[in-house]
Amino acid sequence: ADGEIINLGTGRRTQISNLAEKINQITGNQAGTKTIQRRTWDKVSHRRACINKARDLLGYEPMIGLDEGLQCYWSWYRRVGDRHRMSVG
């Protein structure tokens, strides 16, 4: 897997607007979301990470769902994210 680009995720379909709402809820962002008219070229309202390469190369199988994963990431970011960004820049 050295040098490979690999998607990690649940492998389940997620509606983009629901993802934005989940992120706002977890982070405490009160701004909400704004729905605008879809652009003519934008046909996608859902996303799903293709995790086939991760399965094949790493034996990856998702063990937690999106909600728990977002919560874990946000907890990690609050602990070390800002410090890491400040030390790099």
# chains A, B, ... in the order shown; residues from 1 in each chain; ligands from 1
$ residues_around --residues "His46 of chain A" --least-positions-apart "3" --cutoff "7 Å" --atoms "only C-alpha atoms" --output "number ranges by chain"
A: 13-16
$ write_last_selection --atoms "all heavy atoms" --output "PDB file, in the first residue's frame"
ATOM      1  N   ARG A  13     -23.891   4.946   1.611  1.00  0.00           N
ATOM      2  CA  ARG A  13     -24.312   6.174   0.959  1.00  0.00           C
ATOM      3  C   ARG A  13     -24.740   7.208   2.002  1.00  0.00           C
ATOM      4  O   ARG A  13     -25.432   6.881   2.966  1.00  0.00           O
ATOM      5  CB  ARG A  13     -25.480   5.837   0.037  1.00  0.00           C
ATOM      6  CG  ARG A  13     -25.838   6.887  -0.933  1.00  0.00           C
ATOM      7  CD  ARG A  13     -26.819   6.305  -1.898  1.00  0.00           C
ATOM      8  NE  ARG A  13     -28.151   6.707  -1.467  1.00  0.00           N
ATOM      9  CZ  ARG A  13     -29.161   6.886  -2.282  1.00  0.00           C
ATOM     10  NH1 ARG A  13     -29.036   6.632  -3.551  1.00  0.00           N
ATOM     11  NH2 ARG A  13     -30.318   7.282  -1.818  1.00  0.00           N
ATOM     12  N   THR A  14     -24.311   8.457   1.808  1.00  0.00           N
ATOM     13  CA  THR A  14     -24.631   9.538   2.728  1.00  0.00           C
ATOM     14  C   THR A  14     -25.118  10.740   1.936  1.00  0.00           C
ATOM     15  O   THR A  14     -24.459  11.166   0.993  1.00  0.00           O
ATOM     16  CB  THR A  14     -23.387   9.950   3.544  1.00  0.00           C
ATOM     17  OG1 THR A  14     -22.910   8.813   4.258  1.00  0.00           O
ATOM     18  CG2 THR A  14     -23.693  11.076   4.504  1.00  0.00           C
ATOM     19  N   GLN A  15     -26.254  11.274   2.322  1.00  0.00           N
ATOM     20  CA  GLN A  15     -26.759  12.481   1.681  1.00  0.00           C
ATOM     21  C   GLN A  15     -25.918  13.660   2.149  1.00  0.00           C
ATOM     22  O   GLN A  15     -25.683  13.849   3.347  1.00  0.00           O
ATOM     23  CB  GLN A  15     -28.226  12.690   2.019  1.00  0.00           C
ATOM     24  CG  GLN A  15     -28.862  13.773   1.190  1.00  0.00           C
ATOM     25  CD  GLN A  15     -30.368  13.802   1.349  1.00  0.00           C
ATOM     26  OE1 GLN A  15     -30.970  12.913   1.934  1.00  0.00           O
ATOM     27  NE2 GLN A  15     -30.974  14.838   0.831  1.00  0.00           N
ATOM     28  N   ILE A  16     -25.464  14.472   1.218  1.00  0.00           N
ATOM     29  CA  ILE A  16     -24.551  15.563   1.514  1.00  0.00           C
ATOM     30  C   ILE A  16     -25.166  16.545   2.516  1.00  0.00           C
ATOM     31  O   ILE A  16     -24.493  16.989   3.449  1.00  0.00           O
ATOM     32  CB  ILE A  16     -24.125  16.272   0.212  1.00  0.00           C
ATOM     33  CG1 ILE A  16     -23.337  15.279  -0.664  1.00  0.00           C
ATOM     34  CG2 ILE A  16     -23.301  17.519   0.496  1.00  0.00           C
ATOM     35  CD1 ILE A  16     -23.148  15.717  -2.089  1.00  0.00           C
TER      36      ILE A  16
END
$ residues_around --residues "segment 52-67 of chain A" --least-positions-apart "3" --cutoff "8 Å" --atoms "only C-alpha atoms" --output "MDAnalysis selection string"
chainID A and resid 1 6:11 22 70:71
$ write_last_selection --atoms "N, CA, C and O atoms" --output "PDB file, in the first residue's frame"
ATOM      1  N   ALA A   1       0.817  -1.198   0.000  1.00  0.00           N
ATOM      2  CA  ALA A   1       0.000   0.000   0.000  1.00  0.00           C
ATOM      3  C   ALA A   1       0.859   1.259   0.000  1.00  0.00           C
ATOM      4  O   ALA A   1       0.313   2.343  -0.016  1.00  0.00           O
ATOM      5  N   ILE A   6      -5.886   5.799  -0.785  1.00  0.00           N
ATOM      6  CA  ILE A   6      -6.912   4.854  -0.334  1.00  0.00           C
ATOM      7  C   ILE A   6      -8.030   5.623   0.365  1.00  0.00           C
ATOM      8  O   ILE A   6      -7.776   6.434   1.253  1.00  0.00           O
ATOM      9  N   ASN A   7      -9.275   5.355  -0.057  1.00  0.00           N
ATOM     10  CA  ASN A   7     -10.440   5.930   0.614  1.00  0.00           C
ATOM     11  C   ASN A   7     -10.785   5.108   1.839  1.00  0.00           C
ATOM     12  O   ASN A   7     -10.788   3.881   1.774  1.00  0.00           O
ATOM     13  N   LEU A   8     -11.071   5.791   2.922  1.00  0.00           N
ATOM     14  CA  LEU A   8     -11.587   5.130   4.115  1.00  0.00           C
ATOM     15  C   LEU A   8     -12.940   5.751   4.434  1.00  0.00           C
ATOM     16  O   LEU A   8     -13.130   6.949   4.283  1.00  0.00           O
ATOM     17  N   GLY A   9     -13.853   4.954   4.853  1.00  0.00           N
ATOM     18  CA  GLY A   9     -15.190   5.422   5.185  1.00  0.00           C
ATOM     19  C   GLY A   9     -16.041   4.235   5.547  1.00  0.00           C
ATOM     20  O   GLY A   9     -15.551   3.116   5.714  1.00  0.00           O
ATOM     21  N   THR A  10     -17.334   4.478   5.636  1.00  0.00           N
ATOM     22  CA  THR A  10     -18.247   3.399   6.001  1.00  0.00           C
ATOM     23  C   THR A  10     -18.619   2.546   4.800  1.00  0.00           C
ATOM     24  O   THR A  10     -19.060   1.419   4.960  1.00  0.00           O
ATOM     25  N   GLY A  11     -18.474   3.100   3.595  1.00  0.00           N
ATOM     26  CA  GLY A  11     -18.920   2.396   2.407  1.00  0.00           C
ATOM     27  C   GLY A  11     -20.419   2.504   2.201  1.00  0.00           C
ATOM     28  O   GLY A  11     -20.975   1.897   1.303  1.00  0.00           O
ATOM     29  N   LYS A  22     -24.950  17.002  10.323  1.00  0.00           N
ATOM     30  CA  LYS A  22     -24.256  16.240  11.373  1.00  0.00           C
ATOM     31  C   LYS A  22     -23.010  16.982  11.840  1.00  0.00           C
ATOM     32  O   LYS A  22     -22.735  17.074  13.034  1.00  0.00           O
ATOM     33  N   LEU A  70     -17.390  10.792  12.960  1.00  0.00           N
ATOM     34  CA  LEU A  70     -17.318  12.254  12.997  1.00  0.00           C
ATOM     35  C   LEU A  70     -17.056  12.745  14.421  1.00  0.00           C
ATOM     36  O   LEU A  70     -16.265  13.664  14.634  1.00  0.00           O
ATOM     37  N   GLN A  71     -17.730  12.139  15.395  1.00  0.00           N
ATOM     38  CA  GLN A  71     -17.536  12.531  16.789  1.00  0.00           C
ATOM     39  C   GLN A  71     -16.096  12.270  17.235  1.00  0.00           C
ATOM     40  O   GLN A  71     -15.478  13.114  17.893  1.00  0.00           O
TER      41      GLN A  71
END
$ closest_residue --among "A:Gln25, A:Arg78, A:Arg47, A:Arg39" --to "Arg12 of chain A" --atoms "only C-alpha atoms"
A:Arg47
$ atom_distance --atom1 "atom CA of Gly3 of chain A" --atom2 "atom CA of Ile51 of chain A"
16.5 Å
$ atom_distance --atom1 "atom CA of Ile5 of chain A" --atom2 "atom CA of Ala20 of chain A"
24.5 Å
$ select_by_dssp --residues "chain A" --states "strand (DSSP E or B)" --output "list in words"
Thr14, Gln15, His46 and Arg47 of chain A
$ select_by_dssp --residues "chain A" --states "alpha helix (DSSP H)" --output "PyMOL selection string"
chain A and resi 16-27+52-58+66-76+82-88
